[in-house]
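Below is one structure; the comments refer to it alone.
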Amino acid sequence: MNFPESKVMQQLPKQFFASLVQRVNAKVASGADVINVGQGNPDQPTPAFVVKALAEAAQDPATHKYAQFRGQPAFKQACADFYEREYGVKLDPEKEIAVLGGTKIGLVELPFALMNPGETILMPDPGYPDYFSGVALAQVKLATYPLLEANNFLPDYASFDPAVAAAAKLMYLNYPNNPTGAVATPEFYDQTVAFAQQHHIGVVSDFAYGAIGFDGQRPVSFLQRAGAKDVGIEFYSFSKTYNMAGWRLGFAAGNADMIEAINLIQDHLFVSVFPAVQRAGMAALQSDQSAAQAISDRYESRRNALLAAAAKINWPAYRPGGTFYTLMKVPAGYTSEQFANLLLDQASVAVGPCNGFGAHGEGYVRIGLLVSEERLVEAVERVGALNLF
């Protein structure tokens with residue numbers, strides 16, 4: 001018997017980076033010393049005090065039972081307290097917090113929790129590829145908006161097609177931004193609130209890199225701006241802030257209607273997150289955040305080393321204000337994918353071709369600041385030896 005996939009599953013976007021991983025693995029298998037800066041997986045361990053909190057919680061039989069469907073109340077209170085302490089944002093832990101087994105779940109499920117087939121959603125280009133999985137699953141209409149270096153990779157609302165803006169029901173934002181490393185300003189978020197109110201659009205702020213800011217500047221939370229909770233929500237991830245990528249823990253915060261939609265769909269899909277992991281998350285949120293700052297400082301030091309090395313070979317880069325990525329320009333005569341393939345084949349350096357993030361990513365590759373400074377410098381030196389710039 002054959003069991004073909006549904007039409008919806010067949011419409012899912014192809015995983016662009018799967019082929020890159022295969023090529024990198026094949027290069028490594030050949031015996032090459034590959035410097036892999038093409039992926040977004042933190043290279044350092046989770047802080048020891050968080051691991052200890054998990055171990056202690058796992059010894060408590062109370063954590064072995066089903067979690068409460070909508071998350072443990074103490075964890076949701078810790079999330080609300082964190083936002084009030086760190087960003088000055090007051091949240092109702094029961095009505096304005098949704099617990100997630102990683103924020104990817106919320107970002108993908110939100111379109112079919114809030115939208116009907118055929119309705120319009122606005123997505124950034126370039127943007128995190130998994131956003132588009134939710135578009136396909138919900139069978140909604142995709143409209144993208146360009147992020148251009150000339151505008152510091154922020155959308156220009158004045159350039160939006162009025163008909164598209166009028167039709168849009170949701171709009172995704174991501175700052176600090178993957179793949180560009182761009183950061184949002186308070187003024188930009190004020191413009192976003194006004195734009196959303198004018199067109200009755202729900203704003204979805206992906207704040208995955210919210211703790212990683214450089215040059216003495218702390219990333220701004222969308223929810224800090226007046227009126228933000230009226231028009232949208234924000235997703236906060238533990239993966240980057242605390243090197244907890246494999247733990248799968250995050251939360252959404254903000255507009256009560258949007259939070260209820262997430263909670264309702266998750267009532268049918270999940271039984272929340274392992275309670276011991278939620279307790280470990282509480283330990284992270286309730287800490288003095290020195291561990292999170294140390295993580296951010298490490299990435300800033302790596303960024304500085306990378307940019308200094310790139311300047312020596314005249315490799316143009318966009319200076320990121322946050323995240324653990326640096327956007328590099330592709331030399332004349334190459335597409336992003338061609339250049340990435342060349343670096344892997346001839347320099348054993350794996351980078352992420354940014355056309356995989358959307359059409360406006362063409363002309364760039366993304367370098368992850370996820371190896372040591374020495375290896376980052378070595379990667380750039382290998383590129384320099386090809387005499388392409």
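In the structure tokens, each chain is lettered A, B, ... as it comes, each chain's residues begin at 1, and ligands are numbered from 1 in order of appearance.
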
**OP:** Apply DSSP to the backbone of this structure and, from range 75-111 of chain A, keep only the residues in alpha helix (DSSP H); write these as an NGL selection string.
**Re:** :A and (75-87 or 103-111)

Restricted to N, CA, C and O atoms, what would the selected residues look like written as a compact mmCIF listing (two decimals), in the first residue's frame?
```txt
# COMPACT_ATOMS: atom_id res chain seq x y z
N PHE A 75 6.33 29.31 35.99
CA PHE A 75 7.16 29.66 34.83
C PHE A 75 6.60 30.88 34.12
O PHE A 75 7.34 31.81 33.76
N LYS A 76 5.30 30.91 33.92
CA LYS A 76 4.69 32.06 33.25
C LYS A 76 4.88 33.34 34.07
O LYS A 76 5.11 34.42 33.50
N GLN A 77 4.81 33.21 35.38
CA GLN A 77 5.07 34.38 36.23
C GLN A 77 6.51 34.85 36.08
O GLN A 77 6.79 36.06 36.02
N ALA A 78 7.44 33.90 35.97
CA ALA A 78 8.85 34.26 35.77
C ALA A 78 9.05 34.98 34.44
O ALA A 78 9.85 35.92 34.35
N CYS A 79 8.33 34.55 33.41
CA CYS A 79 8.42 35.23 32.11
C CYS A 79 7.91 36.67 32.22
O CYS A 79 8.53 37.60 31.70
N ALA A 80 6.78 36.83 32.90
CA ALA A 80 6.22 38.17 33.07
C ALA A 80 7.15 39.05 33.90
O ALA A 80 7.38 40.22 33.57
N ASP A 81 7.69 38.49 34.97
CA ASP A 81 8.62 39.26 35.81
C ASP A 81 9.87 39.66 35.03
O ASP A 81 10.40 40.77 35.19
N PHE A 82 10.35 38.77 34.18
CA PHE A 82 11.53 39.04 33.35
C PHE A 82 11.27 40.23 32.44
O PHE A 82 12.10 41.15 32.34
N TYR A 83 10.13 40.27 31.78
CA TYR A 83 9.84 41.37 30.87
C TYR A 83 9.66 42.70 31.62
O TYR A 83 10.07 43.76 31.13
N GLU A 84 9.08 42.62 32.81
CA GLU A 84 8.93 43.86 33.57
C GLU A 84 10.28 44.36 34.06
O GLU A 84 10.58 45.56 33.99
N ARG A 85 11.13 43.45 34.53
CA ARG A 85 12.44 43.85 35.05
C ARG A 85 13.38 44.32 33.93
O ARG A 85 14.06 45.34 34.07
N GLU A 86 13.41 43.59 32.82
CA GLU A 86 14.38 43.88 31.77
C GLU A 86 13.91 44.94 30.77
O GLU A 86 14.73 45.66 30.21
N TYR A 87 12.61 45.03 30.56
CA TYR A 87 12.11 45.93 29.51
C TYR A 87 11.04 46.92 29.99
O TYR A 87 10.58 47.75 29.20
N THR A 103 10.44 28.60 20.15
CA THR A 103 9.61 29.61 19.50
C THR A 103 9.28 29.27 18.05
O THR A 103 8.31 29.79 17.49
N LYS A 104 10.06 28.37 17.42
CA LYS A 104 9.72 27.96 16.05
C LYS A 104 8.30 27.43 16.00
O LYS A 104 7.56 27.69 15.03
N ILE A 105 7.88 26.69 17.03
CA ILE A 105 6.52 26.14 17.06
C ILE A 105 5.50 27.27 16.95
O ILE A 105 4.57 27.22 16.13
N GLY A 106 5.65 28.28 17.77
CA GLY A 106 4.69 29.38 17.75
C GLY A 106 4.69 30.15 16.45
O GLY A 106 3.64 30.53 15.93
N LEU A 107 5.88 30.38 15.89
CA LEU A 107 5.98 31.12 14.65
C LEU A 107 5.34 30.38 13.49
O LEU A 107 4.76 31.00 12.60
N VAL A 108 5.44 29.05 13.50
CA VAL A 108 4.87 28.26 12.41
C VAL A 108 3.37 28.04 12.61
O VAL A 108 2.59 28.06 11.64
N GLU A 109 2.92 27.87 13.84
CA GLU A 109 1.51 27.56 14.06
C GLU A 109 0.62 28.80 14.07
O GLU A 109 -0.60 28.69 13.87
N LEU A 110 1.20 29.97 14.29
CA LEU A 110 0.38 31.18 14.45
C LEU A 110 -0.50 31.49 13.23
O LEU A 110 -1.68 31.84 13.40
N PRO A 111 0.01 31.37 11.99
CA PRO A 111 -0.87 31.68 10.85
C PRO A 111 -2.13 30.84 10.80
O PRO A 111 -3.22 31.36 10.50
```

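The list of residues with at least one atom within 10 Å of Phe153 in chain A, based on only C-alpha atoms and without residues fewer than 4 positions apart in the same chain, reads A:Pro124, A:Asp125, A:Pro126, A:Pro146, A:Leu147, A:Leu148, A:Glu149, A:Tyr175, A:Asn177, A:Thr180, A:Gly181, A:Ala182, A:Val183, A:Ala184.
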
Original post:
Looking only at the backbone, which of the residues in range 78-282 of chain A does DSSP tag as strand (DSSP E), as a ChimeraX atom specification?
Top reply: /A:97-100,120-125,141-146,168-174,202-206,232-237,250-254

**OP:** Excluding Tyr209 in chain A and residues on its chain fewer than 6 positions from it, collect all residues at most 8 Å away from it, counting only C-alpha atoms, and give them as number ranges by chain.
**Re:** A: 175-177, 237, 240-241, 322-323

Original post:
So which residues touch Gln197 in chain A within 9 Å, counting only C-alpha atoms, skipping near sequence neighbours fewer than 5 positions away, as number ranges by chain?
Top reply: A: 192, 202, 227, 230-231

Same residues, all heavy atoms, output as a PDB file, in the first residue's frame:
```pdb
ATOM      1  N   THR A 192       5.968  51.168  13.262  1.00  0.00           N
ATOM      2  CA  THR A 192       5.315  49.869  13.080  1.00  0.00           C
ATOM      3  C   THR A 192       3.952  49.842  13.763  1.00  0.00           C
ATOM      4  O   THR A 192       2.969  49.361  13.179  1.00  0.00           O
ATOM      5  CB  THR A 192       6.213  48.750  13.638  1.00  0.00           C
ATOM      6  OG1 THR A 192       7.460  48.744  12.935  1.00  0.00           O
ATOM      7  CG2 THR A 192       5.541  47.395  13.498  1.00  0.00           C
ATOM      8  N   GLY A 202      -1.942  42.510  12.564  1.00  0.00           N
ATOM      9  CA  GLY A 202      -1.314  41.975  13.763  1.00  0.00           C
ATOM     10  C   GLY A 202       0.185  41.842  13.559  1.00  0.00           C
ATOM     11  O   GLY A 202       0.641  41.268  12.564  1.00  0.00           O
ATOM     12  N   GLY A 227       1.403  51.216  22.712  1.00  0.00           N
ATOM     13  CA  GLY A 227       0.427  50.623  21.812  1.00  0.00           C
ATOM     14  C   GLY A 227       0.816  49.280  21.236  1.00  0.00           C
ATOM     15  O   GLY A 227       0.017  48.663  20.518  1.00  0.00           O
ATOM     16  N   ASP A 230      -1.438  46.335  21.935  1.00  0.00           N
ATOM     17  CA  ASP A 230      -2.731  46.428  21.274  1.00  0.00           C
ATOM     18  C   ASP A 230      -2.705  45.775  19.902  1.00  0.00           C
ATOM     19  O   ASP A 230      -3.738  45.309  19.410  1.00  0.00           O
ATOM     20  CB  ASP A 230      -3.154  47.894  21.110  1.00  0.00           C
ATOM     21  CG  ASP A 230      -3.395  48.593  22.437  1.00  0.00           C
ATOM     22  OD1 ASP A 230      -3.734  47.892  23.414  1.00  0.00           O
ATOM     23  OD2 ASP A 230      -3.231  49.828  22.502  1.00  0.00           O
ATOM     24  N   VAL A 231      -1.518  45.726  19.283  1.00  0.00           N
ATOM     25  CA  VAL A 231      -1.453  45.271  17.892  1.00  0.00           C
ATOM     26  C   VAL A 231      -0.627  43.997  17.693  1.00  0.00           C
ATOM     27  O   VAL A 231      -0.621  43.446  16.586  1.00  0.00           O
ATOM     28  CB  VAL A 231      -0.880  46.374  16.971  1.00  0.00           C
ATOM     29  CG1 VAL A 231      -1.751  47.611  17.004  1.00  0.00           C
ATOM     30  CG2 VAL A 231       0.560  46.726  17.335  1.00  0.00           C
TER      31      VAL A 231
END
```

**OP:** Rank A:Ala32, A:Val37, A:Ala245, A:Ile201 by their smallest atom-to-atom distance to Val371 in chain A, using only C-alpha atoms, and report the top residue only.
**Re:**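 Checking each of A:Ala32, A:Val37, A:Ala245, A:Ile201 against Val371 in chain A, counting only C-alpha atoms, the winner is A:Val37.
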
Original post:
For Val28 in chain A, which of A:Asn151, A:Asp345, A:Phe357, A:Met1 is the closest residue, counting only C-alpha atoms?
Top reply: A:Asp345

Subject >> Distance query Val21 in chain A at most 12 Å, only C-alpha atoms, self and fewer than 6 positions along chain excluded, as JSON, numbers by chain >> reply: {"A": [15, 27, 28, 34, 36, 37, 38, 39, 341, 344, 350, 351, 352]}

Store the residues of this selection in a file with C-alpha atoms, as a PDB file, in the first residue's frame.
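Written output follows (result.pdb):
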```pdb
ATOM      1  CA  GLN A  15      14.586  22.908   3.258  1.00  0.00           C
ATOM      2  CA  LYS A  27      33.575  17.539   2.404  1.00  0.00           C
ATOM      3  CA  VAL A  28      34.350  16.592   6.008  1.00  0.00           C
ATOM      4  CA  VAL A  34      36.192  22.419   7.116  1.00  0.00           C
ATOM      5  CA  ASN A  36      31.720  25.579   9.223  1.00  0.00           C
ATOM      6  CA  VAL A  37      30.285  29.040   9.770  1.00  0.00           C
ATOM      7  CA  GLY A  38      27.163  28.361   7.740  1.00  0.00           C
ATOM      8  CA  GLN A  39      24.767  27.285  10.470  1.00  0.00           C
ATOM      9  CA  ASN A 341      30.014  26.461  -3.259  1.00  0.00           C
ATOM     10  CA  LEU A 344      33.495  25.091   0.374  1.00  0.00           C
ATOM     11  CA  ALA A 350      31.149  26.649   4.743  1.00  0.00           C
ATOM     12  CA  VAL A 351      28.992  29.785   4.679  1.00  0.00           C
ATOM     13  CA  GLY A 352      25.251  30.300   4.267  1.00  0.00           C
TER      14      GLY A 352
END
```

**OP:** Show which residues sit within 10 Å of Asn263 in chain A, as a list in words. Count only C-alpha atoms, and ignore same-chain residues fewer than 6 positions away.
**Re:**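 What passes the distance filter is Phe69, Arg70, Gly71, Lys95, Ile97, Ala98, Val99, Leu100, Gly106, Ala113, Ala252, Asp257, Leu269, Phe270 and Ser272 of chain A.
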
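Residue nearest Glu300 in chain A, chosen from A:Phe274, A:Phe214, A:Phe339, A:Phe251 and counting only C-alpha atoms: A:Phe214.
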
Subject >> Shell of 9 Å around Ala228 in chain A, only C-alpha atoms, local chain residues under 6 positions omitted, as number ranges by chain >> reply: A: 189-190, 192-193, 203, 222, 254-255

Could you please take those selected residues and save N, CA and C atoms as a compact mmCIF listing (two decimals), in the first residue's frame?
```
# COMPACT_ATOMS: atom_id res chain seq x y z
N TYR A 189 9.93 51.06 15.66
CA TYR A 189 8.82 50.33 16.26
C TYR A 189 7.60 51.23 16.46
N ASP A 190 7.81 52.52 16.71
CA ASP A 190 6.68 53.45 16.78
C ASP A 190 5.98 53.54 15.41
N THR A 192 5.97 51.17 13.26
CA THR A 192 5.32 49.87 13.08
C THR A 192 3.95 49.84 13.76
N VAL A 193 3.88 50.34 14.98
CA VAL A 193 2.60 50.39 15.69
C VAL A 193 1.60 51.22 14.91
N VAL A 203 0.97 42.37 14.49
CA VAL A 203 2.43 42.34 14.38
C VAL A 203 2.97 41.16 15.17
N PHE A 222 9.96 45.13 20.95
CA PHE A 222 8.78 45.74 20.33
C PHE A 222 7.75 46.11 21.38
N GLY A 254 2.30 39.23 24.97
CA GLY A 254 1.66 40.40 24.38
C GLY A 254 0.16 40.28 24.26
N ASN A 255 -0.36 40.66 23.09
CA ASN A 255 -1.80 40.78 22.85
C ASN A 255 -2.56 39.53 23.31
```

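The coordinates place CA of Pro117 in chain A at 16.3 Å from CA of Gln10 in chain A.
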
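When CA of Leu137 in chain A is paired with CA of Leu114 in chain A, their separation reads 12.4 Å.
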